[in-house]
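The structure appears below as structure tokens.
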Amino acid sequence: MLEQTKSKFSIRFRSKTWLGLLLLLPILFGAPFLLGSYLTSVFVIMGIYCITTVGITLLMGYAGLVSLAGATFWGIGAYVTGIGALHLGIDPLLGIPFAIIIAGAVAFGLGWITRNLQGHYFSLATLGFGIVINIILIEESEYTGGSSGLIGIPGLQLGSMSISGDAAWFVFVWILAMISLVLCNNLVNSAWGRNLRSMHASQAASEAMGIDTGRYRLQAFVISGMFAGLGGGLYACYMSFISPAVFNFDMSIKFVLMAVLGGLGSIWGAMVGVMVVTLLVELLREYVPLLMGPSSSGGPIEVIFFGLLMVIMMIYMPEGIIGMYQKVKARWRGKTA
């Protein structure tokens, strides 16, 4: 039976979850010493992407909404943190919570306006919203720096301890990423998440059972925007430089690809998709100039490659990497039984 609207968010930890988190701790603290400076910085970016993508996986995989404004809310979080630090003198440690709140508030406004849109109409609305925000970031140069962006955004400082260096950022970002994954995993396994999944399966049936589907859609959209705001704030503080070129439509598509590639049926698919896509991008940047000459750029090749990858995924692996793994695991268990 579907659970009714007044559902509570509960945090539950299974023994496997605890075991997995305990095994990850030595990896988090030991990986920076094994990876080297460059790979450590790549994994920091992966962690930031993971925080943003987990919200998109929640929205697409459980609410059934395809948003093309993931990078827009990511950019809102980054610019709120950057403008607060450079123009208003707000400590980034306080700026990031403001970024989360404002990104969530903007998501609430957009979600409320588009609450009656379905399918590709909703996706096109989010696409248009992203284009408008990108134009605002370019034109309002007095605050945003225009096309040149914002430079010199200060890093984070926890009391007397400053988070500086790739190793410290690696540990800090991945702890937040793990917390985000666990929180979202518990959300989708709560009564709220089960109602959300029933909506995805059949909105008409859910409404017939008394579930306010519009309210659940709006809540999922706001939560997704807040995760993106957190990721954007962290990105601004880590890179110390942001520009509108980073938060464009291409980046939104890349977030969608990360979610789809990892598997929309599992929150943990967000982490898998982020790692696969980011490592593929690094490989393309490394080997495209070697194969096609030093003057060639990996940018257009990336677009073609990931476009083909998306088509192949939709045809042969619609459940993503996690879904394929679960199918193989179920078949293996059936054979052994």
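As shown in the structure tokens, the chain order sets the letters A, B, ...; within each chain, residues go from 1, and ligands are also counted from 1 in the order they appear.
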Can you pull out the residues contacting Thr72 in chain A? Cut-off 8 Å, using only C-alpha atoms, and skip same-chain residues under 5 positions away; I want them as a list of chain:residue names.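 Result of the neighbour search: A:Gly130, A:Ile133, A:Asn134, A:Phe247, A:Asn248, A:Ser252.
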Using all heavy atoms, can you write the selected residues to a file as a PDB file, in the first residue's frame?
```pdb
ATOM      1  N   GLY A 130      17.860  28.199 -17.634  1.00  0.00           N
ATOM      2  CA  GLY A 130      19.326  28.173 -17.593  1.00  0.00           C
ATOM      3  C   GLY A 130      19.944  29.193 -18.528  1.00  0.00           C
ATOM      4  O   GLY A 130      20.937  29.850 -18.187  1.00  0.00           O
ATOM      5  N   ILE A 133      19.554  32.716 -16.945  1.00  0.00           N
ATOM      6  CA  ILE A 133      20.502  32.934 -15.842  1.00  0.00           C
ATOM      7  C   ILE A 133      21.910  33.146 -16.379  1.00  0.00           C
ATOM      8  O   ILE A 133      22.659  34.004 -15.881  1.00  0.00           O
ATOM      9  CB  ILE A 133      20.465  31.752 -14.858  1.00  0.00           C
ATOM     10  CG1 ILE A 133      19.114  31.693 -14.143  1.00  0.00           C
ATOM     11  CG2 ILE A 133      21.589  31.862 -13.828  1.00  0.00           C
ATOM     12  CD1 ILE A 133      18.796  32.894 -13.285  1.00  0.00           C
ATOM     13  N   ASN A 134      22.294  32.395 -17.409  1.00  0.00           N
ATOM     14  CA  ASN A 134      23.633  32.552 -17.984  1.00  0.00           C
ATOM     15  C   ASN A 134      23.816  33.942 -18.584  1.00  0.00           C
ATOM     16  O   ASN A 134      24.879  34.555 -18.438  1.00  0.00           O
ATOM     17  CB  ASN A 134      23.864  31.472 -19.045  1.00  0.00           C
ATOM     18  CG  ASN A 134      25.337  31.256 -19.344  1.00  0.00           C
ATOM     19  OD1 ASN A 134      25.867  31.785 -20.304  1.00  0.00           O
ATOM     20  ND2 ASN A 134      25.984  30.449 -18.508  1.00  0.00           N
ATOM     21  N   PHE A 247      29.190  27.249 -16.227  1.00  0.00           N
ATOM     22  CA  PHE A 247      27.834  26.875 -15.811  1.00  0.00           C
ATOM     23  C   PHE A 247      26.853  26.984 -16.980  1.00  0.00           C
ATOM     24  O   PHE A 247      25.818  27.634 -16.888  1.00  0.00           O
ATOM     25  CB  PHE A 247      27.393  27.762 -14.644  1.00  0.00           C
ATOM     26  CG  PHE A 247      28.436  27.882 -13.571  1.00  0.00           C
ATOM     27  CD1 PHE A 247      29.169  29.045 -13.408  1.00  0.00           C
ATOM     28  CD2 PHE A 247      28.703  26.810 -12.736  1.00  0.00           C
ATOM     29  CE1 PHE A 247      30.144  29.150 -12.427  1.00  0.00           C
ATOM     30  CE2 PHE A 247      29.678  26.903 -11.750  1.00  0.00           C
ATOM     31  CZ  PHE A 247      30.389  28.065 -11.594  1.00  0.00           C
ATOM     32  N   ASN A 248      27.203  26.339 -18.086  1.00  0.00           N
ATOM     33  CA  ASN A 248      26.411  26.462 -19.298  1.00  0.00           C
ATOM     34  C   ASN A 248      25.608  25.185 -19.577  1.00  0.00           C
ATOM     35  O   ASN A 248      25.607  24.242 -18.794  1.00  0.00           O
ATOM     36  CB  ASN A 248      27.317  26.807 -20.486  1.00  0.00           C
ATOM     37  CG  ASN A 248      28.450  25.795 -20.645  1.00  0.00           C
ATOM     38  OD1 ASN A 248      28.414  24.706 -20.056  1.00  0.00           O
ATOM     39  ND2 ASN A 248      29.441  26.141 -21.429  1.00  0.00           N
ATOM     40  N   SER A 252      25.260  21.136 -17.960  1.00  0.00           N
ATOM     41  CA  SER A 252      23.998  20.512 -17.542  1.00  0.00           C
ATOM     42  C   SER A 252      23.825  19.149 -18.192  1.00  0.00           C
ATOM     43  O   SER A 252      23.404  18.181 -17.542  1.00  0.00           O
ATOM     44  CB  SER A 252      22.817  21.420 -17.905  1.00  0.00           C
ATOM     45  OG  SER A 252      22.798  22.587 -17.116  1.00  0.00           O
TER      46      SER A 252
END
```
Just list the residues in range 142-302 of chain A DSSP gives helix (DSSP H, G or I) on the backbone, as a PyMOL selection string. chain A and resi 142-144+146-148+166-188+191-201+203-208+213-239+244-246+249-262+269-292+298-302
Sorted by chain and rising residue number, list the residues of range 207-293 of chain A at most 9 Å from range 55-63 of chain A (counting only C-alpha atoms), each with its closest atom pair and distance in Å to one decimal, as a tab-separated table.
```
residue	atom	partner	partner_atom	distance
A:Tyr216	CA	A:Ala63	CA	7.9
A:Arg217	CA	A:Ala63	CA	6.3
A:Ala220	CA	A:Leu59	CA	5.9
A:Phe221	CA	A:Leu59	CA	6.3
A:Ile223	CA	A:Gly55	CA	6.7
A:Ser224	CA	A:Gly55	CA	4.0
A:Gly225	CA	A:Gly55	CA	7.1
A:Met226	CA	A:Gly55	CA	8.0
A:Phe227	CA	A:Gly55	CA	5.7
A:Ala228	CA	A:Gly55	CA	6.9
A:Phe255	CA	A:Ile56	CA	7.5
A:Val256	CA	A:Ile56	CA	7.1
A:Met258	CA	A:Thr57	CA	8.9
A:Ala259	CA	A:Thr57	CA	5.4
A:Val260	CA	A:Thr57	CA	7.8
A:Gly263	CA	A:Thr57	CA	8.1
A:Leu264	CA	A:Gly61	CA	4.4
A:Gly265	CA	A:Gly61	CA	5.7
A:Ser266	CA	A:Gly61	CA	7.7
A:Ile267	CA	A:Thr57	CA	6.4
A:Gly269	CA	A:Thr57	CA	7.9
A:Ala270	CA	A:Thr57	CA	6.4
```
I want to know what sits within 8 Å of range 305-312 of chain A, based on only C-alpha atoms, with residues of the same chain fewer than 4 positions away left out; could you give that as a PyMOL selection string? chain A and resi 257+261+301+316-317
Export of the given selection (N, CA, C and O atoms) as a CSV table (one decimal), in the first residue's frame:
```csv
chain,number,residue,atom,x,y,z
A,257,LEU,N,24.3,13.1,-18.1
A,257,LEU,CA,25.0,12.0,-18.6
A,257,LEU,C,25.6,11.2,-17.4
A,257,LEU,O,25.5,10.0,-17.4
A,261,LEU,N,24.5,7.4,-16.8
A,261,LEU,CA,25.5,6.4,-17.0
A,261,LEU,C,25.7,5.6,-15.7
A,261,LEU,O,25.9,4.4,-15.8
A,301,ILE,N,35.6,16.8,-29.8
A,301,ILE,CA,35.6,15.4,-29.7
A,301,ILE,C,34.8,14.9,-28.5
A,301,ILE,O,34.1,13.8,-28.5
A,316,TYR,N,21.5,0.0,-25.1
A,316,TYR,CA,22.0,-1.3,-24.6
A,316,TYR,C,22.0,-1.3,-23.1
A,316,TYR,O,22.0,-2.4,-22.5
A,317,MET,N,22.1,-0.2,-22.4
A,317,MET,CA,22.2,-0.2,-20.9
A,317,MET,C,21.3,0.9,-20.4
A,317,MET,O,21.8,1.9,-19.7
```
Contacts of Ser67 in chain A within 7 Å, only C-alpha atoms, excl. fewer than 3 positions in-chain, as a PDB file with C-alpha atoms, in the first residue's frame:
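Output file out-v7.pdb follows:
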```pdb
ATOM      1  CA  GLY A  70      21.599  21.339 -13.143  1.00  0.00           C
ATOM      2  CA  SER A 123      12.760  20.029 -19.581  1.00  0.00           C
ATOM      3  CA  THR A 126      14.425  24.428 -17.264  1.00  0.00           C
TER       4      THR A 126
END
```
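With distances restricted to only C-alpha atoms, A:Val303 is the closest residue to Asp250 in chain A from A:Ile101, A:Val173, A:Val303, A:Leu35.
Rounded to one decimal, CA of Gly155 in chain A and CA of Tyr238 in chain A lie 6.3 Å from each other.
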Restricting the calculation to only C-alpha atoms: of A:Trp169, A:Ala99, A:Ser243, A:Trp332, which residue gets closest to Thr40 in chain A? A:Trp169
Non-local contacts of range 144-146 of chain A (9 Å; only C-alpha atoms; under 6 positions in same chain excluded) as a PDB file with all heavy atoms, in the first residue's frame:
```pdb
ATOM      1  N   TYR A  79      28.106  31.487  -7.520  1.00  0.00           N
ATOM      2  CA  TYR A  79      28.109  32.950  -7.570  1.00  0.00           C
ATOM      3  C   TYR A  79      27.614  33.576  -6.271  1.00  0.00           C
ATOM      4  O   TYR A  79      28.086  34.653  -5.880  1.00  0.00           O
ATOM      5  CB  TYR A  79      27.277  33.434  -8.762  1.00  0.00           C
ATOM      6  CG  TYR A  79      28.108  33.593 -10.011  1.00  0.00           C
ATOM      7  CD1 TYR A  79      28.214  32.549 -10.926  1.00  0.00           C
ATOM      8  CD2 TYR A  79      28.824  34.762 -10.258  1.00  0.00           C
ATOM      9  CE1 TYR A  79      28.990  32.680 -12.068  1.00  0.00           C
ATOM     10  CE2 TYR A  79      29.600  34.901 -11.397  1.00  0.00           C
ATOM     11  CZ  TYR A  79      29.684  33.853 -12.292  1.00  0.00           C
ATOM     12  OH  TYR A  79      30.470  33.980 -13.412  1.00  0.00           O
ATOM     13  N   GLY A  82      30.688  33.370  -4.155  1.00  0.00           N
ATOM     14  CA  GLY A  82      31.726  34.285  -4.626  1.00  0.00           C
ATOM     15  C   GLY A  82      31.380  35.745  -4.421  1.00  0.00           C
ATOM     16  O   GLY A  82      32.197  36.529  -3.925  1.00  0.00           O
ATOM     17  N   ILE A  83      30.161  36.140  -4.775  1.00  0.00           N
ATOM     18  CA  ILE A  83      29.738  37.538  -4.589  1.00  0.00           C
ATOM     19  C   ILE A  83      29.683  37.892  -3.107  1.00  0.00           C
ATOM     20  O   ILE A  83      30.090  38.991  -2.697  1.00  0.00           O
ATOM     21  CB  ILE A  83      28.370  37.762  -5.266  1.00  0.00           C
ATOM     22  CG1 ILE A  83      28.509  37.666  -6.784  1.00  0.00           C
ATOM     23  CG2 ILE A  83      27.787  39.118  -4.871  1.00  0.00           C
ATOM     24  CD1 ILE A  83      27.201  37.678  -7.535  1.00  0.00           C
ATOM     25  N   ILE A 136      22.213  36.655 -17.580  1.00  0.00           N
ATOM     26  CA  ILE A 136      22.294  37.575 -16.438  1.00  0.00           C
ATOM     27  C   ILE A 136      23.709  37.581 -15.858  1.00  0.00           C
ATOM     28  O   ILE A 136      24.259  38.652 -15.525  1.00  0.00           O
ATOM     29  CB  ILE A 136      21.267  37.176 -15.356  1.00  0.00           C
ATOM     30  CG1 ILE A 136      19.843  37.447 -15.859  1.00  0.00           C
ATOM     31  CG2 ILE A 136      21.516  37.945 -14.053  1.00  0.00           C
ATOM     32  CD1 ILE A 136      18.749  36.925 -14.936  1.00  0.00           C
ATOM     33  N   LEU A 137      24.324  36.411 -15.741  1.00  0.00           N
ATOM     34  CA  LEU A 137      25.679  36.332 -15.198  1.00  0.00           C
ATOM     35  C   LEU A 137      26.678  37.077 -16.078  1.00  0.00           C
ATOM     36  O   LEU A 137      27.646  37.658 -15.581  1.00  0.00           O
ATOM     37  CB  LEU A 137      26.113  34.861 -15.065  1.00  0.00           C
ATOM     38  CG  LEU A 137      25.368  34.016 -14.028  1.00  0.00           C
ATOM     39  CD1 LEU A 137      25.881  32.584 -14.043  1.00  0.00           C
ATOM     40  CD2 LEU A 137      25.502  34.609 -12.629  1.00  0.00           C
ATOM     41  N   ILE A 138      26.431  37.080 -17.383  1.00  0.00           N
ATOM     42  CA  ILE A 138      27.329  37.784 -18.301  1.00  0.00           C
ATOM     43  C   ILE A 138      27.081  39.288 -18.278  1.00  0.00           C
ATOM     44  O   ILE A 138      28.024  40.097 -18.253  1.00  0.00           O
ATOM     45  CB  ILE A 138      27.170  37.236 -19.733  1.00  0.00           C
ATOM     46  CG1 ILE A 138      27.650  35.774 -19.798  1.00  0.00           C
ATOM     47  CG2 ILE A 138      27.959  38.085 -20.731  1.00  0.00           C
ATOM     48  CD1 ILE A 138      27.349  35.089 -21.106  1.00  0.00           C
ATOM     49  N   SER A 243      33.431  31.508 -13.800  1.00  0.00           N
ATOM     50  CA  SER A 243      32.956  32.312 -14.926  1.00  0.00           C
ATOM     51  C   SER A 243      31.708  31.667 -15.501  1.00  0.00           C
ATOM     52  O   SER A 243      31.484  30.462 -15.322  1.00  0.00           O
ATOM     53  CB  SER A 243      34.036  32.423 -16.005  1.00  0.00           C
ATOM     54  OG  SER A 243      34.161  31.200 -16.709  1.00  0.00           O
ATOM     55  N   PRO A 244      30.863  32.431 -16.213  1.00  0.00           N
ATOM     56  CA  PRO A 244      29.627  31.866 -16.768  1.00  0.00           C
ATOM     57  C   PRO A 244      29.860  30.707 -17.724  1.00  0.00           C
ATOM     58  O   PRO A 244      28.984  29.869 -17.910  1.00  0.00           O
ATOM     59  CB  PRO A 244      28.993  33.061 -17.492  1.00  0.00           C
ATOM     60  CG  PRO A 244      29.571  34.267 -16.822  1.00  0.00           C
ATOM     61  CD  PRO A 244      30.957  33.885 -16.432  1.00  0.00           C
TER      62      PRO A 244
END
```
For Val272 in chain A, which of A:Gly64, A:Gly323, A:Gly229, A:Gly104 is the closest residue, counting only C-alpha atoms?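 The closest residue to Val272 in chain A is A:Gly323.
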In Å, how far is it from CA of Thr52 in chain A to CA of Thr278 in chain A?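 CA of Thr278 in chain A lies 13.7 Å from CA of Thr52 in chain A.
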